[in-house]
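Listing of coords_36.cif; format and content: mmCIF, C-alpha atoms and all ligand atoms.
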data_final
loop_
_atom_site.label_atom_id
_atom_site.label_comp_id
_atom_site.auth_asym_id
_atom_site.auth_seq_id
_atom_site.Cartn_x
_atom_site.Cartn_y
_atom_site.Cartn_z
CA MET Y 1 0.00 0.00 0.00
CA GLU Y 2 2.90 2.32 0.76
CA LYS Y 3 4.20 1.85 -2.77
CA ILE Y 4 0.74 2.65 -4.13
CA GLN Y 5 0.59 5.87 -2.09
CA SER Y 6 4.00 7.00 -3.27
CA ILE Y 7 3.05 6.41 -6.92
CA VAL Y 8 -0.19 8.34 -6.36
CA ASN Y 9 1.82 11.25 -4.94
CA GLU Y 10 4.28 11.14 -7.81
CA ILE Y 11 1.52 11.32 -10.42
CA TYR Y 12 -0.32 13.97 -8.43
CA GLU Y 13 2.79 16.19 -8.43
CA ILE Y 14 2.84 16.09 -12.23
CA PHE Y 15 -0.83 16.99 -12.66
CA LYS Y 16 -1.64 19.01 -9.55
CA ASP Y 17 -2.07 22.25 -11.49
CA TYR Y 18 -4.62 20.63 -13.79
CA ASN Y 19 -7.36 19.90 -11.25
CA VAL Y 20 -6.67 16.19 -10.95
CA SER Y 21 -7.46 14.77 -7.51
CA LYS Y 22 -5.42 12.22 -5.58
CA SER Y 23 -8.46 10.01 -5.10
CA GLU Y 24 -9.04 9.86 -8.83
CA ILE Y 25 -5.43 8.81 -9.42
CA GLU Y 26 -5.64 6.25 -6.61
CA LYS Y 27 -8.81 4.74 -8.03
CA ARG Y 28 -7.24 4.26 -11.47
CA LEU Y 29 -4.04 2.86 -10.01
CA LYS Y 30 -5.77 0.34 -7.74
CA LEU Y 31 -7.96 -0.80 -10.58
CA LEU Y 32 -4.94 -1.51 -12.77
CA VAL Y 33 -2.76 -3.07 -10.08
CA PHE Y 34 -5.31 -5.09 -8.10
CA GLU Y 35 -8.02 -5.94 -10.64
CA PHE Y 36 -5.96 -6.26 -13.80
CA LYS Y 37 -2.68 -7.30 -12.15
CA VAL Y 38 -0.69 -4.75 -14.14
CA PRO Y 39 2.85 -4.27 -12.72
CA GLU Y 40 3.08 -1.03 -10.71
CA ASP Y 41 5.54 0.79 -12.98
CA GLU Y 42 3.56 -0.03 -16.07
CA ALA Y 43 0.35 1.06 -14.33
CA LYS Y 44 2.02 4.37 -13.50
CA ARG Y 45 2.99 4.96 -17.13
CA THR Y 46 -0.50 4.03 -18.31
CA ILE Y 47 -2.13 6.50 -15.92
CA ILE Y 48 0.22 9.35 -16.81
CA ASN Y 49 -0.36 8.81 -20.52
CA GLY Y 50 -4.11 8.51 -19.97
CA LEU Y 51 -4.31 11.75 -17.98
CA ARG Y 52 -2.16 13.49 -20.54
CA ARG Y 53 -4.60 12.45 -23.27
CA ASP Y 54 -7.65 13.40 -21.19
CA LEU Y 55 -6.19 16.84 -20.50
CA ASN Y 56 -4.95 17.26 -24.03
CA LEU Y 57 -1.37 17.90 -22.91
CA SER Y 58 1.68 17.25 -25.02
CA ARG Y 59 4.63 15.31 -23.62
CA GLU Y 60 6.51 18.59 -23.96
CA ALA Y 61 3.97 20.43 -21.78
CA LEU Y 62 4.60 17.99 -18.94
CA ARG Y 63 8.30 18.72 -19.03
CA PHE Y 64 7.39 22.38 -18.50
CA PRO Y 65 4.60 22.11 -15.93
CA LEU Y 66 2.20 24.96 -15.32
CA THR Y 67 3.60 26.71 -12.24
CA LYS Y 68 2.44 29.54 -9.99
CA ILE Y 69 4.84 32.46 -9.65
CA ALA Y 70 5.38 31.85 -5.92
CA ASP Y 71 6.55 28.30 -6.77
CA LEU Y 72 9.09 29.25 -9.44
CA GLU Y 73 12.43 27.56 -8.82
CA PRO Y 74 15.63 28.80 -10.49
CA GLY Y 75 16.99 26.44 -13.12
CA LYS Y 76 13.64 24.82 -13.89
CA GLY Y 77 11.68 24.79 -17.11
CA VAL Y 78 8.05 25.76 -16.57
CA SER Y 79 4.94 27.27 -18.08
CA VAL Y 80 3.36 30.29 -16.40
CA LYS Y 81 -0.03 31.94 -16.73
CA ALA Y 82 0.35 35.59 -15.81
CA LYS Y 83 -0.62 39.18 -16.46
CA VAL Y 84 1.95 41.59 -17.88
CA ILE Y 85 2.01 44.34 -15.27
CA GLN Y 86 4.79 46.57 -16.47
CA LEU Y 87 7.03 46.84 -19.52
CA TRP Y 88 10.46 48.42 -19.22
CA GLU Y 89 12.69 50.04 -21.80
CA PRO Y 90 15.00 47.35 -23.18
CA THR Y 91 18.55 48.00 -21.99
CA SER Y 92 20.24 45.95 -24.68
CA GLN Y 93 19.63 44.91 -28.27
CA SER Y 94 19.46 41.27 -27.28
CA ILE Y 95 16.27 41.97 -25.32
CA ALA Y 96 13.01 42.35 -27.24
CA GLN Y 97 10.89 43.07 -24.17
CA TRP Y 98 11.20 42.85 -20.43
CA GLY Y 99 9.28 43.87 -17.37
CA VAL Y 100 7.10 42.43 -14.64
CA ILE Y 101 4.44 39.72 -14.70
CA GLY Y 102 2.14 38.72 -11.88
CA ASP Y 103 -0.42 36.16 -10.80
CA GLU Y 104 -2.43 35.71 -7.59
CA THR Y 105 0.66 34.36 -5.80
CA GLY Y 106 3.18 37.08 -6.58
CA THR Y 107 5.27 38.84 -9.19
CA ALA Y 108 8.38 38.05 -11.21
CA ARG Y 109 10.40 39.60 -13.97
CA PHE Y 110 10.29 38.35 -17.50
CA VAL Y 111 12.67 38.69 -20.39
CA ILE Y 112 11.80 37.99 -24.00
CA TRP Y 113 15.01 37.58 -25.95
CA ALA Y 114 15.14 39.30 -29.32
CA LYS Y 115 16.31 36.04 -30.89
CA SER Y 116 13.12 34.30 -29.79
CA ALA Y 117 11.23 36.42 -32.36
CA LYS Y 118 7.96 36.49 -30.41
CA ARG Y 119 5.00 38.70 -31.00
CA LYS Y 120 4.98 41.67 -28.59
CA VAL Y 121 3.13 41.41 -25.30
CA GLU Y 122 1.15 44.35 -23.93
CA GLU Y 123 0.70 45.76 -20.46
CA GLY Y 124 -2.49 44.68 -18.73
CA LYS Y 125 -3.03 41.63 -20.94
CA ASN Y 126 -2.94 38.00 -19.84
CA TYR Y 127 -0.71 35.35 -21.36
CA ILE Y 128 0.47 31.82 -21.00
CA PHE Y 129 4.25 31.66 -21.23
CA GLU Y 130 4.98 28.09 -22.25
CA ARG Y 131 8.34 26.34 -22.03
CA VAL Y 132 10.22 29.14 -20.29
CA PHE Y 133 13.20 28.93 -17.94
CA VAL Y 134 13.40 30.28 -14.42
CA ASP Y 135 16.32 32.39 -13.35
CA GLU Y 136 17.14 34.39 -10.25
CA PHE Y 137 19.14 37.55 -9.82
CA GLY Y 138 19.55 39.48 -6.60
CA GLY Y 139 16.72 37.54 -4.99
CA ILE Y 140 14.31 38.41 -7.80
CA LYS Y 141 12.98 35.61 -9.94
CA SER Y 142 12.56 35.96 -13.65
CA ILE Y 143 11.42 33.84 -16.55
CA LYS Y 144 13.27 33.74 -19.85
CA VAL Y 145 11.38 33.45 -23.10
CA THR Y 146 13.59 31.74 -25.68
CA SER Y 147 13.04 30.41 -29.19
CA ILE Y 148 11.60 27.15 -27.84
CA SER Y 149 9.03 29.08 -25.81
CA GLU Y 150 5.50 29.97 -26.81
CA VAL Y 151 3.66 33.10 -25.66
CA ARG Y 152 -0.10 33.11 -26.19
CA GLU Y 153 -2.67 35.62 -25.07
CA ILE Y 154 -5.45 34.06 -22.97
CA GLU Y 155 -9.04 35.07 -22.23
CA GLU Y 156 -8.73 34.55 -18.48
CA ASP Y 157 -8.24 37.75 -16.46
CA ILE Y 158 -5.56 36.95 -13.91
CA GLU Y 159 -5.79 38.65 -10.57
CA VAL Y 160 -2.47 39.93 -9.36
CA SER Y 161 -1.36 39.80 -5.75
CA GLU Y 162 -0.89 43.34 -4.43
CA ASN Y 163 1.48 42.21 -1.75
CA TRP Y 164 4.40 44.60 -2.08
CA GLY Y 165 5.53 45.57 1.36
CA GLU Y 166 7.15 48.53 3.04
CA ILE Y 167 10.72 49.58 2.62
CA GLU Y 168 13.01 52.04 4.38
CA ILE Y 169 16.23 53.18 2.77
CA THR Y 170 18.87 55.86 3.10
CA GLY Y 171 20.44 57.19 -0.03
CA ALA Y 172 21.30 60.14 -2.20
CA LEU Y 173 18.66 61.75 -4.39
CA VAL Y 174 20.68 61.55 -7.59
CA SER Y 175 18.15 62.95 -10.02
CA ILE Y 176 14.90 64.87 -10.10
CA SER Y 177 12.82 64.42 -13.22
CA GLN Y 178 11.50 67.30 -15.31
CA ASN Y 179 7.90 66.42 -14.52
CA SER Y 180 8.45 67.39 -10.89
CA GLY Y 181 7.61 70.65 -9.18
CA LEU Y 182 4.37 72.52 -9.73
CA VAL Y 183 2.67 70.52 -12.46
CA GLN Y 184 -0.76 69.99 -13.96
CA VAL Y 185 -1.96 66.40 -13.93
CA CYS Y 186 -4.84 64.63 -15.68
CA LYS Y 187 -7.81 64.12 -13.34
CA ILE Y 188 -8.33 60.63 -14.75
CA CYS Y 189 -4.85 59.07 -14.77
CA GLY Y 190 -2.73 61.49 -12.74
CA LYS Y 191 -0.12 61.85 -15.47
CA VAL Y 192 1.39 65.22 -16.31
CA ILE Y 193 -0.47 67.01 -19.08
CA GLU Y 194 0.87 69.45 -21.63
CA ALA Y 195 -1.20 72.48 -22.68
CA GLY Y 196 -4.32 70.85 -21.23
CA ILE Y 197 -3.84 67.64 -23.22
CA CYS Y 198 -3.28 64.21 -21.63
CA LYS Y 199 -1.39 61.81 -23.89
CA GLU Y 200 -3.89 59.12 -23.04
CA HIS Y 201 -7.14 60.98 -22.47
CA GLY Y 202 -6.89 64.00 -24.75
CA LYS Y 203 -8.38 67.26 -23.53
CA VAL Y 204 -9.16 66.72 -19.86
CA GLU Y 205 -9.84 68.40 -16.57
CA TRP Y 206 -6.71 68.72 -14.49
CA ASN Y 207 -5.37 69.36 -11.00
CA GLU Y 208 -2.39 71.45 -10.10
CA VAL Y 209 -0.10 69.57 -7.73
CA LEU Y 210 3.28 69.84 -6.08
CA ARG Y 211 5.21 66.63 -6.48
CA LEU Y 212 8.59 65.08 -7.04
CA ARG Y 213 9.67 62.21 -9.26
CA GLY Y 214 13.28 61.17 -9.00
CA VAL Y 215 15.87 58.52 -8.41
CA ILE Y 216 17.50 57.60 -5.14
CA ASP Y 217 20.70 55.60 -4.87
CA ASP Y 218 21.38 53.72 -1.64
CA GLY Y 219 24.83 52.59 -2.74
CA GLU Y 220 23.62 49.15 -3.77
CA ARG Y 221 20.88 49.90 -6.25
CA THR Y 222 18.64 52.69 -7.43
CA TYR Y 223 14.95 53.20 -6.85
CA ASP Y 224 12.48 55.48 -8.53
CA VAL Y 225 10.80 57.64 -5.92
CA GLU Y 226 7.46 59.39 -5.92
CA MET Y 227 6.94 62.13 -3.38
CA GLU Y 228 3.81 64.19 -2.88
CA GLU Y 229 3.18 67.55 -1.24
CA ASN Y 230 3.26 66.41 2.40
CA CYS Y 231 6.77 64.92 2.19
CA ILE Y 232 8.07 67.81 0.10
CA LYS Y 233 6.78 70.19 2.75
CA GLU Y 234 8.47 68.18 5.51
CA LEU Y 235 11.80 68.48 3.71
CA THR Y 236 11.71 71.94 2.15
CA GLY Y 237 8.92 73.88 3.83
CA LEU Y 238 7.41 74.35 0.38
CA ASP Y 239 3.72 73.51 0.01
CA LEU Y 240 1.28 73.85 -2.87
CA ARG Y 241 0.16 77.33 -1.81
CA THR Y 242 3.67 78.77 -1.51
CA ALA Y 243 4.72 77.03 -4.72
CA LYS Y 244 1.82 78.65 -6.60
CA LYS Y 245 2.71 82.04 -5.15
CA MET Y 246 6.32 81.59 -6.16
CA ALA Y 247 5.37 80.62 -9.73
CA PHE Y 248 3.00 83.57 -9.94
CA GLU Y 249 5.62 86.07 -8.75
CA HIS Y 250 8.17 84.80 -11.28
CA LEU Y 251 5.57 84.23 -14.00
CA ASP Y 252 7.20 80.82 -14.38
CA ARG Y 253 6.25 77.52 -12.77
CA GLY Y 254 9.73 76.22 -13.63
CA ILE Y 255 11.01 78.19 -10.66
CA VAL Y 256 9.46 75.58 -8.33
CA LEU Y 257 11.40 72.75 -9.96
CA LEU Y 258 14.59 74.81 -9.66
CA GLU Y 259 13.86 75.35 -5.98
CA LEU Y 260 13.34 71.61 -5.40
CA LYS Y 261 16.59 70.84 -7.18
CA LYS Y 262 18.46 73.45 -5.15
CA LYS Y 263 17.17 72.08 -1.88
CA LEU Y 264 17.09 68.33 -2.53
CA LEU Y 265 19.34 67.23 -5.37
CA GLY Y 266 22.35 65.29 -4.15
CA ARG Y 267 21.13 65.32 -0.57
CA TYR Y 268 21.03 62.21 1.59
CA LEU Y 269 17.53 61.24 2.55
CA LYS Y 270 16.05 58.64 4.82
CA ILE Y 271 12.77 57.60 3.28
CA SER Y 272 10.14 54.98 3.90
CA GLY Y 273 7.16 53.95 1.84
CA ASP Y 274 5.57 51.26 -0.28
CA LEU Y 275 7.76 49.49 -2.79
CA LYS Y 276 6.13 48.50 -6.06
CA PHE Y 277 8.55 46.88 -8.49
CA ARG Y 278 11.37 49.43 -8.33
CA THR Y 279 9.35 52.47 -7.33
CA ILE Y 280 8.98 53.73 -3.78
CA ASN Y 281 5.86 55.70 -3.03
CA VAL Y 282 7.32 57.79 -0.23
CA LYS Y 283 5.26 58.12 2.96
CA LYS Y 284 7.93 59.64 5.19
CA ALA Y 285 11.10 61.51 4.32
CA GLU Y 286 13.78 63.29 6.30
CA PHE Y 287 17.30 64.49 5.71
CA PHE Y 288 19.81 61.91 6.75
CA LYS Y 289 22.56 63.19 8.94
CA THR Y 290 25.63 61.22 9.78
CA LYS Y 291 27.03 61.51 13.29
CA VAL Y 292 29.79 63.81 12.03
CA ILE Y 293 27.34 66.25 10.44
CA GLU Y 294 25.27 66.26 13.61
CA GLU Y 295 28.37 67.17 15.63
CA VAL Y 296 29.26 69.98 13.21
CA ASP Y 297 25.71 71.32 13.37
CA LYS Y 298 25.84 71.33 17.15
CA VAL Y 299 29.12 73.24 17.17
CA LEU Y 300 27.74 75.76 14.66
CA GLU Y 301 24.66 76.28 16.83
CA GLU Y 302 26.89 76.86 19.82
CA VAL Y 303 29.03 79.35 17.88
CA LYS Y 304 25.90 81.21 16.76
CA ALA Y 305 24.68 81.34 20.34
CA LEU Y 306 27.84 83.10 21.51
ZN ZN Y 401 -5.02 61.02 -18.51
#
File written out as structure tokens:
Amino acid sequence: MEKIQSIVNEIYEIFKDYNVSKSEIEKRLKLLVFEFKVPEDEAKRTIINGLRRDLNLSREALRFPLTKIADLEPGKGVSVKAKVIQLWEPTSQSIAQWGVIGDETGTARFVIWAKSAKRKVEEGKNYIFERVFVDEFGGIKSIKVTSISEVREIEEDIEVSENWGEIEITGALVSISQNSGLVQVCKICGKVIEAGICKEHGKVEWNEVLRLRGVIDDGERTYDVEMEENCIKELTGLDLRTAKKMAFEHLDRGIVLLELKKKLLGRYLKISGDLKFRTINVKKAEFFKTKVIEEVDKVLEEVKAL
């Protein structure tokens, strides 16, 4: 009986993502072994082939089993059903597309090699990535789409786990993007508009906001950061009202961006917030002072007091 159970488990492992129950496998196995006296190993092969036929799976498909993102193991060949969440600019000519995919268990990166000559995937659409290989870099898993892979769009709308988590880092604000400062954003999508026109929504109603988009470098890697009015005020004292006044007085909203750059660019910040892919939505920000700087400040204060 122990042997029977272990064969059942073995077969179950192969088909577990295809809604096959252990009891169903056990029933078939017992029938073959006890009623028809088929040797165990042959019975096992018969059941696997039978299930494969029933489920309309190729031999190939079984070598690349359908796998949830949370269960991806580096070095393995798998198939993954996932939604394309984000596409990134290719950083090399050998990459056709790359970005982030997700399913209800988590997220992973994906890379489609240029040589694989696949049709382009689109953000927000759902696909099955068949016969792909799992890789890991810096603790982040990714799947590689090669020429033996197949990428097909599917009807199913895959729900993506929103489990990102908080992060706190200290690093230098190494760049501030041009769409920071006092900007007008589309009321629908929140993206910066130009002359009242949103790239996505055309002529729209807009809000005027004070915000910062930039890059922070903690010495190990870089993160995109998004900072809204409250954090900017904490750091610089500048709020939406004073920013508007400033722009009005100079007849130029660009003055606000200049001010942000003057006060924040190159400065060390301690920030915390929600990490989504590589972007931190900053909830709290303060200037980071090393012990030495704190000492110097104290001395300066004392000198001033004299
Ligand atoms: Zn818009």
* To do: Write out as a list in words the residues lying within 8 Å of segment 38-52 of chain Y, counting all atoms listed in the file and excluding same-chain residues fewer than 4 positions away.
  => Ile4, Ile7, Ile11, Ile25, Arg28, Leu29, Leu32, Val33, Phe34, Asn56, Leu57, Ser58 and Arg59 of chain Y
* Asked: Counting only C-alpha atoms and all ligand atoms, which of Y:Asn230, Y:Gln184, Y:Asn281, Y:Thr222 gets nearest to ligand ZN 401 (chain Y)?
  ->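 The shortest atom-to-atom distance to ligand ZN 401 (chain Y) comes from Y:Gln184.
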Per-residue nearest contacts chain Y to ligand ZN 401 (chain Y), cut-off 7 Å, using all atoms listed in the file, as CSV:
residue,atom,partner,partner_atom,distance
Y:Cys186,CA,Y:ZN401,ZN,4.6
Y:Lys187,CA,Y:ZN401,ZN,6.6
Y:Ile188,CA,Y:ZN401,ZN,5.0
Y:Cys189,CA,Y:ZN401,ZN,4.2
Y:Gly190,CA,Y:ZN401,ZN,6.2
Y:Lys191,CA,Y:ZN401,ZN,5.8
Y:Cys198,CA,Y:ZN401,ZN,4.8
Y:Lys199,CA,Y:ZN401,ZN,6.5
Y:Glu200,CA,Y:ZN401,ZN,5.0
Y:His201,CA,Y:ZN401,ZN,4.5
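Minimum atom-to-atom distance to Glu166 of chain Y, evaluated using only C-alpha atoms, belongs to Y:Ile271 out of Y:Ala96, Y:Ile255, Y:Leu240, Y:Ile271.
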Determine, counting only C-alpha atoms, which protein, DNA and RNA residues have an atom within 10 Å of an atom of Gly99 of chain Y; residues of the same chain fewer than 5 positions away are not included. Present the result as a JSON list (two decimals) with C-alpha atoms, keeping the file's coordinate frame.
[["chain", "number", "residue", "atom", "x", "y", "z"],
["Y", 84, "VAL", "CA", 1.95, 41.59, -17.88],
["Y", 85, "ILE", "CA", 2.01, 44.34, -15.27],
["Y", 86, "GLN", "CA", 4.79, 46.57, -16.47],
["Y", 87, "LEU", "CA", 7.03, 46.84, -19.52],
["Y", 88, "TRP", "CA", 10.46, 48.42, -19.22],
["Y", 89, "GLU", "CA", 12.69, 50.04, -21.80],
["Y", 90, "PRO", "CA", 15.00, 47.35, -23.18],
["Y", 108, "ALA", "CA", 8.38, 38.05, -11.21],
["Y", 109, "ARG", "CA", 10.40, 39.60, -13.97],
["Y", 110, "PHE", "CA", 10.29, 38.35, -17.50],
["Y", 111, "VAL", "CA", 12.67, 38.69, -20.39],
["Y", 112, "ILE", "CA", 11.80, 37.99, -24.00],
["Y", 123, "GLU", "CA", 0.70, 45.76, -20.46],
["Y", 142, "SER", "CA", 12.56, 35.96, -13.65],
["Y", 277, "PHE", "CA", 8.55, 46.88, -8.49]]
* To do: State, in Å with one decimal place, the distance from atom CA of Gly254 of chain Y to atom CA of Phe288 of chain Y.
  =>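 Separation between atom CA of Gly254 of chain Y and atom CA of Phe288 of chain Y: 26.9 Å.
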* To do: Have a look at Y:Ala70, Y:Ile216, Y:Ile154, Y:Val209 and name the one nearest to Lys244 of chain Y; count only C-alpha atoms.
  =>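 Among the listed residues, Y:Val209 lies closest to Lys244 of chain Y.
The coordinates place atom CA of Lys141 of chain Y at 13.1 Å from atom CA of Thr105 of chain Y.
Minimum atom-to-atom distances from Y:Leu264, Y:Val174, Y:Leu62, Y:Met1 to Leu238 of chain Y were compared using only C-alpha atoms, and the lowest value belongs to Y:Leu264.
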* **Of the listed residues Y:Val145, Y:Leu182, Y:Ala247, Y:Ile158, that which approaches Ile95 of chain Y most closely, counting all atoms listed in the file** =>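 Closest candidate: Y:Val145.
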* Find the residues around segment 78-82 of chain Y up to 12 Å (only C-alpha atoms counted), leave out those fewer than 5 positions away in its own chain, and share them as JSON, numbers by chain. => {"Y": [14, 17, 60, 61, 62, 63, 64, 65, 66, 67, 68, 69, 70, 71, 72, 73, 100, 101, 102, 103, 104, 105, 106, 107, 108, 109, 110, 121, 122, 123, 124, 125, 126, 127, 128, 129, 130, 131, 132, 133, 134, 135, 142, 143, 144, 145, 148, 149, 150, 151, 152, 153, 154, 155, 156, 157, 158, 159, 160, 161]}
* Quick one: distance from atom CA of Leu269 of chain Y to atom CA of His250 of chain Y in Å, one decimal? ->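 For atom CA of Leu269 of chain Y relative to atom CA of His250 of chain Y, the distance reads 28.9 Å.
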* Asked: Which polymer residues have any atom within 7 Å of an atom of Ala172 of chain Y, counting all atoms listed in the file, with same-chain residues fewer than 6 positions away left out, as a list of chain:residue names?
  ->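 Final neighbour list, sorted by chain and number: Y:Ile216, Y:Asp217, Y:Asp218, Y:Gly266, Y:Arg267, Y:Tyr268, Y:Leu269.
Using all atoms listed in the file for every distance, the candidate list Y:Phe137, Y:Glu168, Y:Thr146, Y:Ser21 yields Y:Thr146 as the residue closest to Trp113 of chain Y.
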* Spatial neighbours of Lys284 of chain Y, max dist 8 Å, all atoms listed in the file, sep filter under 4 positions, as a ChimeraX atom specification -> /Y:231,271-273
